[in-house]
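Colleague: Structure file model.pdb (PDB, C-alpha atoms, pLDDT in the B column) right here:
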ATOM      1  CA  MET A   1       3.496  18.317   4.417  1.00 51.00           C
ATOM      2  CA  THR A   2       2.832  18.342   8.129  1.00 64.00           C
ATOM      3  CA  CYS A   3       2.768  15.228  10.273  1.00 78.00           C
ATOM      4  CA  PRO A   4       2.442  16.117  13.950  1.00 75.00           C
ATOM      5  CA  SER A   5       4.233  13.921  16.473  1.00 74.00           C
ATOM      6  CA  SER A   6       5.037  14.395  20.142  1.00 80.00           C
ATOM      7  CA  ILE A   7       7.555  11.570  20.507  1.00 88.00           C
ATOM      8  CA  PHE A   8       9.670  11.524  17.358  1.00 94.00           C
ATOM      9  CA  GLU A   9      12.342  13.941  16.196  1.00 94.00           C
ATOM     10  CA  PRO A  10      11.298  16.240  13.336  1.00 93.00           C
ATOM     11  CA  GLU A  11      13.791  14.518  10.985  1.00 94.00           C
ATOM     12  CA  PHE A  12      12.265  11.084  11.630  1.00 95.00           C
ATOM     13  CA  THR A  13       8.705  12.402  11.408  1.00 95.00           C
ATOM     14  CA  ARG A  14       9.371  14.206   8.124  1.00 94.00           C
ATOM     15  CA  GLY A  15      11.144  11.156   6.695  1.00 95.00           C
ATOM     16  CA  LEU A  16       8.389   8.736   7.656  1.00 95.00           C
ATOM     17  CA  CYS A  17       5.683  11.039   6.299  1.00 95.00           C
ATOM     18  CA  GLU A  18       7.637  11.451   3.059  1.00 95.00           C
ATOM     19  CA  ILE A  19       7.989   7.677   2.664  1.00 94.00           C
ATOM     20  CA  PHE A  20       4.300   7.107   3.382  1.00 95.00           C
ATOM     21  CA  GLU A  21       2.775  10.001   1.450  1.00 95.00           C
ATOM     22  CA  GLN A  22       5.195  10.385  -1.470  1.00 94.00           C
ATOM     23  CA  HIS A  23       7.327   7.292  -2.036  1.00 94.00           C
ATOM     24  CA  ILE A  24       4.503   4.779  -1.638  1.00 94.00           C
ATOM     25  CA  VAL A  25       2.813   5.947  -4.819  1.00 95.00           C
ATOM     26  CA  PHE A  26      -0.400   4.002  -4.224  1.00 95.00           C
ATOM     27  CA  ASN A  27      -0.981   6.092  -1.087  1.00 96.00           C
ATOM     28  CA  GLN A  28      -0.912   9.141  -3.390  1.00 96.00           C
ATOM     29  CA  VAL A  29      -3.562   7.504  -5.580  1.00 95.00           C
ATOM     30  CA  LEU A  30      -5.709   7.025  -2.474  1.00 96.00           C
ATOM     31  CA  GLY A  31      -5.072  10.603  -1.341  1.00 96.00           C
ATOM     32  CA  LEU A  32      -3.974   9.320   2.063  1.00 97.00           C
ATOM     33  CA  ARG A  33      -2.530  11.995   4.385  1.00 97.00           C
ATOM     34  CA  ILE A  34      -1.143  11.529   7.894  1.00 97.00           C
ATOM     35  CA  ASP A  35      -2.757  13.571  10.676  1.00 96.00           C
ATOM     36  CA  SER A  36      -0.710  12.330  13.640  1.00 95.00           C
ATOM     37  CA  LEU A  37       2.114   9.936  14.220  1.00 95.00           C
ATOM     38  CA  GLU A  38       2.710   8.476  17.674  1.00 95.00           C
ATOM     39  CA  ALA A  39       4.410   5.323  18.936  1.00 93.00           C
ATOM     40  CA  ASP A  40       1.093   3.732  19.938  1.00 91.00           C
ATOM     41  CA  ILE A  41      -1.393   5.107  17.367  1.00 96.00           C
ATOM     42  CA  VAL A  42      -1.343   6.682  13.924  1.00 98.00           C
ATOM     43  CA  LYS A  43      -4.132   8.703  12.322  1.00 98.00           C
ATOM     44  CA  ALA A  44      -4.775   9.797   8.753  1.00 98.00           C
ATOM     45  CA  HIS A  45      -7.537  10.978   6.459  1.00 98.00           C
ATOM     46  CA  ILE A  46      -8.668  10.443   2.896  1.00 98.00           C
ATOM     47  CA  PRO A  47     -10.945  12.822   0.976  1.00 97.00           C
ATOM     48  CA  MET A  48     -13.682  11.400  -1.243  1.00 96.00           C
ATOM     49  CA  ARG A  49     -12.997  11.829  -4.949  1.00 95.00           C
ATOM     50  CA  PRO A  50     -14.988  10.616  -7.977  1.00 93.00           C
ATOM     51  CA  GLU A  51     -12.296   8.105  -8.941  1.00 94.00           C
ATOM     52  CA  LEU A  52     -12.673   6.345  -5.550  1.00 94.00           C
ATOM     53  CA  ILE A  53     -16.379   5.594  -5.970  1.00 94.00           C
ATOM     54  CA  GLY A  54     -17.303   1.926  -6.103  1.00 92.00           C
ATOM     55  CA  HIS A  55     -21.097   2.133  -6.357  1.00 82.00           C
ATOM     56  CA  PHE A  56     -21.967   4.976  -8.744  1.00 83.00           C
ATOM     57  CA  THR A  57     -25.695   5.023  -7.985  1.00 88.00           C
ATOM     58  CA  HIS A  58     -25.173   5.556  -4.259  1.00 87.00           C
ATOM     59  CA  GLN A  59     -21.804   7.365  -4.513  1.00 89.00           C
ATOM     60  CA  ARG A  60     -20.224   4.919  -2.059  1.00 93.00           C
ATOM     61  CA  LEU A  61     -16.512   4.599  -1.517  1.00 96.00           C
ATOM     62  CA  HIS A  62     -15.118   1.448  -3.143  1.00 96.00           C
ATOM     63  CA  GLY A  63     -14.424  -1.345  -0.644  1.00 95.00           C
ATOM     64  CA  GLY A  64     -10.944  -1.780  -2.107  1.00 97.00           C
ATOM     65  CA  VAL A  65     -10.117   1.810  -1.150  1.00 97.00           C
ATOM     66  CA  ILE A  66     -11.136   1.057   2.432  1.00 98.00           C
ATOM     67  CA  SER A  67      -9.135  -2.168   2.464  1.00 98.00           C
ATOM     68  CA  ALA A  68      -6.037  -0.548   0.958  1.00 98.00           C
ATOM     69  CA  THR A  69      -6.281   2.377   3.379  1.00 98.00           C
ATOM     70  CA  LEU A  70      -6.512   0.096   6.401  1.00 98.00           C
ATOM     71  CA  ASP A  71      -3.615  -2.020   5.134  1.00 98.00           C
ATOM     72  CA  ALA A  72      -1.489   1.091   4.629  1.00 98.00           C
ATOM     73  CA  MET A  73      -2.420   2.336   8.096  1.00 98.00           C
ATOM     74  CA  GLY A  74      -1.453  -0.979   9.689  1.00 98.00           C
ATOM     75  CA  GLY A  75       1.929  -0.723   7.984  1.00 97.00           C
ATOM     76  CA  LEU A  76       2.335   2.867   9.152  1.00 97.00           C
ATOM     77  CA  ALA A  77       1.547   1.869  12.737  1.00 98.00           C
ATOM     78  CA  VAL A  78       4.241  -0.813  12.544  1.00 97.00           C
ATOM     79  CA  MET A  79       6.717   1.738  11.164  1.00 96.00           C
ATOM     80  CA  ALA A  80       5.979   4.083  14.063  1.00 96.00           C
ATOM     81  CA  ALA A  81       6.297   1.280  16.627  1.00 96.00           C
ATOM     82  CA  ILE A  82       9.631   0.174  15.142  1.00 95.00           C
ATOM     83  CA  GLY A  83      10.806   3.784  15.176  1.00 95.00           C
ATOM     84  CA  ALA A  84       9.851   4.101  18.846  1.00 95.00           C
ATOM     85  CA  ARG A  85      11.495   0.792  19.771  1.00 95.00           C
ATOM     86  CA  HIS A  86      14.843   1.942  18.339  1.00 95.00           C
ATOM     87  CA  MET A  87      14.997   5.544  19.613  1.00 95.00           C
ATOM     88  CA  ASP A  88      18.658   4.918  20.500  1.00 96.00           C
ATOM     89  CA  GLU A  89      19.456   4.924  16.761  1.00 95.00           C
ATOM     90  CA  ALA A  90      19.762   7.977  14.551  1.00 96.00           C
ATOM     91  CA  PRO A  91      16.540   8.950  12.715  1.00 95.00           C
ATOM     92  CA  LEU A  92      17.931   8.010   9.286  1.00 93.00           C
ATOM     93  CA  ALA A  93      19.034   4.582  10.531  1.00 94.00           C
ATOM     94  CA  ARG A  94      15.532   3.921  11.877  1.00 94.00           C
ATOM     95  CA  LEU A  95      13.976   4.940   8.551  1.00 93.00           C
ATOM     96  CA  HIS A  96      16.081   2.284   6.798  1.00 91.00           C
ATOM     97  CA  ARG A  97      14.508  -0.450   8.938  1.00 90.00           C
ATOM     98  CA  PHE A  98      11.324  -0.429   6.834  1.00 88.00           C
ATOM     99  CA  GLY A  99      12.818  -2.055   3.748  1.00 86.00           C
ATOM    100  CA  LYS A 100      11.508  -5.541   4.559  1.00 86.00           C
ATOM    101  CA  LEU A 101       8.097  -4.534   5.925  1.00 93.00           C
ATOM    102  CA  GLY A 102       5.231  -6.319   4.187  1.00 95.00           C
ATOM    103  CA  THR A 103       1.679  -7.517   4.770  1.00 97.00           C
ATOM    104  CA  ILE A 104       1.317 -11.235   5.464  1.00 97.00           C
ATOM    105  CA  ASP A 105      -2.334 -11.318   6.572  1.00 98.00           C
ATOM    106  CA  LEU A 106      -5.218  -8.856   6.373  1.00 98.00           C
ATOM    107  CA  ARG A 107      -8.841  -9.036   7.486  1.00 98.00           C
ATOM    108  CA  ILE A 108     -11.374  -6.291   6.823  1.00 98.00           C
ATOM    109  CA  ASP A 109     -14.922  -6.132   8.193  1.00 98.00           C
ATOM    110  CA  TYR A 110     -17.214  -3.730   6.346  1.00 98.00           C
ATOM    111  CA  LEU A 111     -19.813  -2.481   8.838  1.00 98.00           C
ATOM    112  CA  ARG A 112     -21.468   0.437   7.014  1.00 97.00           C
ATOM    113  CA  PRO A 113     -21.247   1.975   3.526  1.00 96.00           C
ATOM    114  CA  GLY A 114     -18.542   4.546   2.884  1.00 96.00           C
ATOM    115  CA  LEU A 115     -20.607   7.676   2.356  1.00 95.00           C
ATOM    116  CA  GLY A 116     -19.356  11.221   2.814  1.00 95.00           C
ATOM    117  CA  GLN A 117     -16.744  13.710   1.685  1.00 96.00           C
ATOM    118  CA  MET A 118     -13.980  12.827   4.171  1.00 98.00           C
ATOM    119  CA  PHE A 119     -12.894   9.676   5.946  1.00 98.00           C
ATOM    120  CA  HIS A 120     -10.513   9.049   8.841  1.00 98.00           C
ATOM    121  CA  ALA A 121      -8.411   6.004   9.632  1.00 98.00           C
ATOM    122  CA  THR A 122      -6.510   4.943  12.733  1.00 98.00           C
ATOM    123  CA  ALA A 123      -4.204   2.044  13.479  1.00 98.00           C
ATOM    124  CA  GLU A 124      -2.387   0.640  16.472  1.00 98.00           C
ATOM    125  CA  VAL A 125       0.103  -2.162  16.982  1.00 98.00           C
ATOM    126  CA  LEU A 126      -1.154  -4.900  19.276  1.00 98.00           C
ATOM    127  CA  ARG A 127       2.152  -6.769  19.306  1.00 97.00           C
ATOM    128  CA  LEU A 128       5.540  -5.995  17.828  1.00 97.00           C
ATOM    129  CA  GLY A 129       7.686  -9.109  17.741  1.00 96.00           C
ATOM    130  CA  SER A 130      11.131  -9.534  16.265  1.00 93.00           C
ATOM    131  CA  ARG A 131       9.703 -10.965  13.017  1.00 96.00           C
ATOM    132  CA  VAL A 132       5.949 -10.271  12.938  1.00 97.00           C
ATOM    133  CA  ALA A 133       3.727  -7.400  14.096  1.00 97.00           C
ATOM    134  CA  SER A 134      -0.039  -7.549  14.669  1.00 98.00           C
ATOM    135  CA  THR A 135      -2.253  -4.499  14.203  1.00 98.00           C
ATOM    136  CA  ARG A 136      -5.829  -3.291  14.593  1.00 98.00           C
ATOM    137  CA  MET A 137      -7.259  -0.567  12.330  1.00 98.00           C
ATOM    138  CA  GLN A 138     -10.443   1.501  12.060  1.00 98.00           C
ATOM    139  CA  PHE A 139     -12.027   3.379   9.149  1.00 98.00           C
ATOM    140  CA  LEU A 140     -14.426   6.151  10.170  1.00 98.00           C
ATOM    141  CA  SER A 141     -16.743   8.713   8.624  1.00 97.00           C
ATOM    142  CA  ALA A 142     -15.998  12.414   9.109  1.00 96.00           C
ATOM    143  CA  ASP A 143     -18.349  12.484  12.101  1.00 96.00           C
ATOM    144  CA  GLY A 144     -16.562   9.548  13.777  1.00 96.00           C
ATOM    145  CA  ARG A 145     -18.981   6.764  12.853  1.00 97.00           C
ATOM    146  CA  LEU A 146     -17.221   3.401  12.545  1.00 98.00           C
ATOM    147  CA  LEU A 147     -17.505   2.162   8.941  1.00 98.00           C
ATOM    148  CA  SER A 148     -14.955  -0.672   8.826  1.00 98.00           C
ATOM    149  CA  THR A 149     -12.453  -2.437  11.025  1.00 98.00           C
ATOM    150  CA  GLY A 150      -9.355  -4.346  10.146  1.00 98.00           C
ATOM    151  CA  SER A 151      -6.631  -6.512  11.595  1.00 98.00           C
ATOM    152  CA  GLY A 152      -3.341  -7.284   9.988  1.00 98.00           C
ATOM    153  CA  ALA A 153      -0.076  -9.102  10.393  1.00 98.00           C
ATOM    154  CA  TYR A 154       3.122  -7.659   8.955  1.00 98.00           C
ATOM    155  CA  ILE A 155       6.560  -9.146   8.457  1.00 97.00           C
ATOM    156  CA  VAL A 156       9.153  -6.834  10.014  1.00 94.00           C
ATOM    157  CA  SER A 157      12.394  -8.714   9.335  1.00 82.00           C
TER     158      SER A 157
END
Rewrite the structure of this file - the entire thing - as C-alpha coordinates.

Modeller:
Amino acid sequence: MTCPSSIFEPEFTRGLCEIFEQHIVFNQVLGLRIDSLEADIVKAHIPMRPELIGHFTHQRLHGGVISATLDAMGGLAVMAAIGARHMDEAPLARLHRFGKLGTIDLRIDYLRPGLGQMFHATAEVLRLGSRVASTRMQFLSADGRLLSTGSGAYIVS
(Lines of atoms letter the chains of each structure in order from A and count residues from 1; the text may use other names and numbers.)
(Lines give C-alpha, C1' and ligand atoms only; values in the text may rest on other atoms or scores of the structure.)
Protein backbone atom coordinates (compact mmCIF):
# COMPACT_ATOMS: atom_id res chain seq x y z
CA MET A 1 0.00 0.00 0.00
CA THR A 2 1.47 3.31 -1.06
CA CYS A 3 -0.21 6.64 -0.47
CA PRO A 4 2.07 9.51 -1.45
CA SER A 5 1.90 12.70 0.60
CA SER A 6 4.18 15.71 0.81
CA ILE A 7 2.74 17.25 3.97
CA PHE A 8 1.95 14.41 6.35
CA GLU A 9 4.29 12.18 8.33
CA PRO A 10 4.63 8.62 7.00
CA GLU A 11 2.90 7.24 10.14
CA PHE A 12 -0.17 9.44 9.60
CA THR A 13 -0.26 8.75 5.86
CA ARG A 14 0.00 4.99 6.35
CA GLY A 15 -2.65 5.06 9.07
CA LEU A 16 -5.11 7.11 7.04
CA CYS A 17 -4.61 4.94 3.96
CA GLU A 18 -5.10 1.81 6.07
CA ILE A 19 -8.34 3.18 7.53
CA PHE A 20 -9.64 4.19 4.11
CA GLU A 21 -8.54 1.20 2.04
CA GLN A 22 -8.77 -1.65 4.57
CA HIS A 23 -10.97 -0.80 7.55
CA ILE A 24 -13.77 0.80 5.54
CA VAL A 25 -14.73 -2.51 3.96
CA PHE A 26 -17.08 -0.98 1.40
CA ASN A 27 -14.11 0.86 -0.12
CA GLN A 28 -12.55 -2.58 -0.67
CA VAL A 29 -15.72 -3.69 -2.46
CA LEU A 30 -15.40 -0.64 -4.72
CA GLY A 31 -11.69 -1.30 -5.27
CA LEU A 32 -10.91 2.28 -4.25
CA ARG A 33 -7.18 3.07 -3.91
CA ILE A 34 -5.59 6.35 -2.85
CA ASP A 35 -3.12 7.94 -5.29
CA SER A 36 -2.22 11.07 -3.33
CA LEU A 37 -3.10 12.59 -0.02
CA GLU A 38 -2.61 16.31 0.58
CA ALA A 39 -4.18 18.82 2.96
CA ASP A 40 -6.09 20.55 0.15
CA ILE A 41 -6.84 17.72 -2.32
CA VAL A 42 -7.04 13.94 -2.34
CA LYS A 43 -6.91 11.68 -5.39
CA ALA A 44 -7.78 8.03 -5.91
CA HIS A 45 -8.65 5.54 -8.61
CA ILE A 46 -11.04 2.66 -9.13
CA PRO A 47 -10.59 -0.07 -11.76
CA MET A 48 -13.62 -1.30 -13.70
CA ARG A 49 -14.70 -4.81 -12.75
CA PRO A 50 -17.68 -6.87 -13.95
CA GLU A 51 -19.39 -6.66 -10.56
CA LEU A 52 -19.48 -2.83 -10.80
CA ILE A 53 -21.44 -2.74 -14.06
CA GLY A 54 -24.87 -1.15 -13.87
CA HIS A 55 -25.97 -1.35 -17.51
CA PHE A 56 -24.91 -4.74 -18.88
CA THR A 57 -25.68 -3.97 -22.53
CA HIS A 58 -23.41 -0.92 -22.61
CA GLN A 59 -20.97 -2.08 -19.89
CA ARG A 60 -21.45 1.17 -17.97
CA LEU A 61 -20.33 1.67 -14.41
CA HIS A 62 -23.28 1.63 -11.99
CA GLY A 63 -24.30 5.11 -10.81
CA GLY A 64 -24.24 3.89 -7.21
CA VAL A 65 -20.55 3.07 -7.56
CA ILE A 66 -19.90 6.63 -8.72
CA SER A 67 -21.98 8.07 -5.90
CA ALA A 68 -20.34 5.89 -3.25
CA THR A 69 -16.87 6.71 -4.59
CA LEU A 70 -17.51 10.44 -4.50
CA ASP A 71 -18.97 10.19 -0.99
CA ALA A 72 -15.92 8.25 0.19
CA MET A 73 -13.62 10.79 -1.45
CA GLY A 74 -15.40 13.69 0.25
CA GLY A 75 -14.90 11.95 3.58
CA LEU A 76 -11.24 11.33 2.80
CA ALA A 77 -10.72 14.99 1.93
CA VAL A 78 -12.23 15.97 5.29
CA MET A 79 -9.94 13.49 7.06
CA ALA A 80 -6.91 15.01 5.36
CA ALA A 81 -8.02 18.56 6.18
CA ILE A 82 -8.59 17.64 9.83
CA GLY A 83 -5.18 15.98 9.91
CA ALA A 84 -3.57 19.13 8.49
CA ARG A 85 -5.43 21.41 10.90
CA HIS A 86 -4.08 19.50 13.92
CA MET A 87 -0.43 18.98 12.88
CA ASP A 88 0.56 19.93 16.45
CA GLU A 89 -0.85 16.58 17.63
CA ALA A 90 0.82 13.21 17.29
CA PRO A 91 -0.17 11.24 14.16
CA LEU A 92 -2.06 8.58 16.14
CA ALA A 93 -4.05 11.22 18.03
CA ARG A 94 -5.08 12.83 14.74
CA LEU A 95 -6.18 9.46 13.34
CA HIS A 96 -8.55 9.06 16.31
CA ARG A 97 -10.38 12.26 15.36
CA PHE A 98 -12.28 10.49 12.56
CA GLY A 99 -14.56 8.44 14.80
CA LYS A 100 -17.53 10.81 14.47
CA LEU A 101 -17.13 11.67 10.78
CA GLY A 102 -20.28 11.04 8.76
CA THR A 103 -22.12 12.22 5.66
CA ILE A 104 -25.05 14.55 6.31
CA ASP A 105 -25.75 15.69 2.74
CA LEU A 106 -24.66 14.48 -0.69
CA ARG A 107 -25.43 15.67 -4.21
CA ILE A 108 -24.19 13.91 -7.34
CA ASP A 109 -24.54 15.17 -10.91
CA TYR A 110 -24.05 12.50 -13.57
CA LEU A 111 -22.69 14.22 -16.69
CA ARG A 112 -21.55 11.32 -18.89
CA PRO A 113 -21.75 7.51 -18.73
CA GLY A 114 -19.04 5.67 -16.82
CA LEU A 115 -17.28 3.83 -19.63
CA GLY A 116 -13.71 2.57 -19.51
CA GLN A 117 -11.32 0.35 -17.61
CA MET A 118 -10.10 2.87 -15.01
CA PHE A 119 -11.62 5.85 -13.27
CA HIS A 120 -10.13 8.64 -11.16
CA ALA A 121 -11.69 10.66 -8.37
CA THR A 122 -10.62 13.84 -6.61
CA ALA A 123 -12.01 15.76 -3.67
CA GLU A 124 -11.30 19.00 -1.88
CA VAL A 125 -12.66 20.66 1.24
CA LEU A 126 -14.33 23.99 0.57
CA ARG A 127 -14.87 24.77 4.25
CA LEU A 128 -13.84 22.99 7.41
CA GLY A 129 -15.83 24.27 10.36
CA SER A 130 -15.79 23.04 13.93
CA ARG A 131 -18.88 20.86 13.35
CA VAL A 132 -19.49 20.60 9.59
CA ALA A 133 -17.24 20.38 6.52
CA SER A 134 -18.27 21.08 2.91
CA THR A 135 -16.59 19.34 -0.02
CA ARG A 136 -16.50 19.25 -3.81
CA MET A 137 -15.66 16.04 -5.70
CA GLN A 138 -15.02 14.95 -9.29
CA PHE A 139 -15.23 11.56 -11.00
CA LEU A 140 -13.18 11.27 -14.20
CA SER A 141 -12.43 8.80 -16.96
CA ALA A 142 -8.87 7.51 -17.37
CA ASP A 143 -8.20 10.21 -19.97
CA GLY A 144 -9.37 12.99 -17.62
CA ARG A 145 -12.87 13.52 -19.01
CA LEU A 146 -15.29 14.73 -16.33
CA LEU A 147 -18.03 12.11 -15.84
CA SER A 148 -19.68 13.22 -12.59
CA THR A 149 -19.41 15.90 -9.95
CA GLY A 150 -20.46 15.90 -6.35
CA SER A 151 -20.79 18.09 -3.30
CA GLY A 152 -21.15 16.91 0.23
CA ALA A 153 -21.49 18.00 3.81
CA TYR A 154 -19.93 15.95 6.60
CA ILE A 155 -20.35 16.08 10.35
CA VAL A 156 -16.91 16.32 11.98
CA SER A 157 -17.80 16.47 15.68

Colleague: Here is a test: counting only C-alpha atoms, which residue of A:Ala90, A:Leu147, A:Val25, A:Ala80 is nearest to Leu61 (chain A)?

Modeller: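 Once distances to Leu61 (chain A) are computed over only C-alpha atoms, the minimum belongs to A:Leu147.
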
Colleague: With only C-alpha atoms as the atoms that count, which of A:Leu16, A:Leu37, A:Ile46, A:Ile66 lies nearest to Arg107 (chain A)?

Modeller: A:Ile66

Colleague: Please write the residues picked by the PyMOL selection byres ((chain A and resi 3) around 6) on this file as a list of chain:residue names.

Modeller: A:Thr2, A:Pro4, A:Ile34, A:Asp35, A:Ser36

Colleague: Those same residues, written as a short mmCIF file (atom, residue, chain, number, x, y, z; two decimals), in the frame of the given file with C-alpha atoms?

Modeller:
data_model
loop_
_atom_site.label_atom_id
_atom_site.label_comp_id
_atom_site.auth_asym_id
_atom_site.auth_seq_id
_atom_site.Cartn_x
_atom_site.Cartn_y
_atom_site.Cartn_z
CA THR A 2 2.83 18.34 8.13
CA PRO A 4 2.44 16.12 13.95
CA ILE A 34 -1.14 11.53 7.89
CA ASP A 35 -2.76 13.57 10.68
CA SER A 36 -0.71 12.33 13.64
#

Colleague: Once the PyMOL selection byres ((chain A and resi 117-131) around 8) has been evaluated on this model, what residues remain selected, and can you format them as a PyMOL selection string?

Modeller: chain A and resi 40-49+69-70+73-74+76-78+81-82+115-116+132-142+144+155-157

Colleague: Have a look at CA of Glu38 (chain A) and CA of Ala84 (chain A) and let me know their distance in Å, one decimal.

Modeller: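 Answer for the CA of Glu38 (chain A) to CA of Ala84 (chain A) separation: 8.5 Å.
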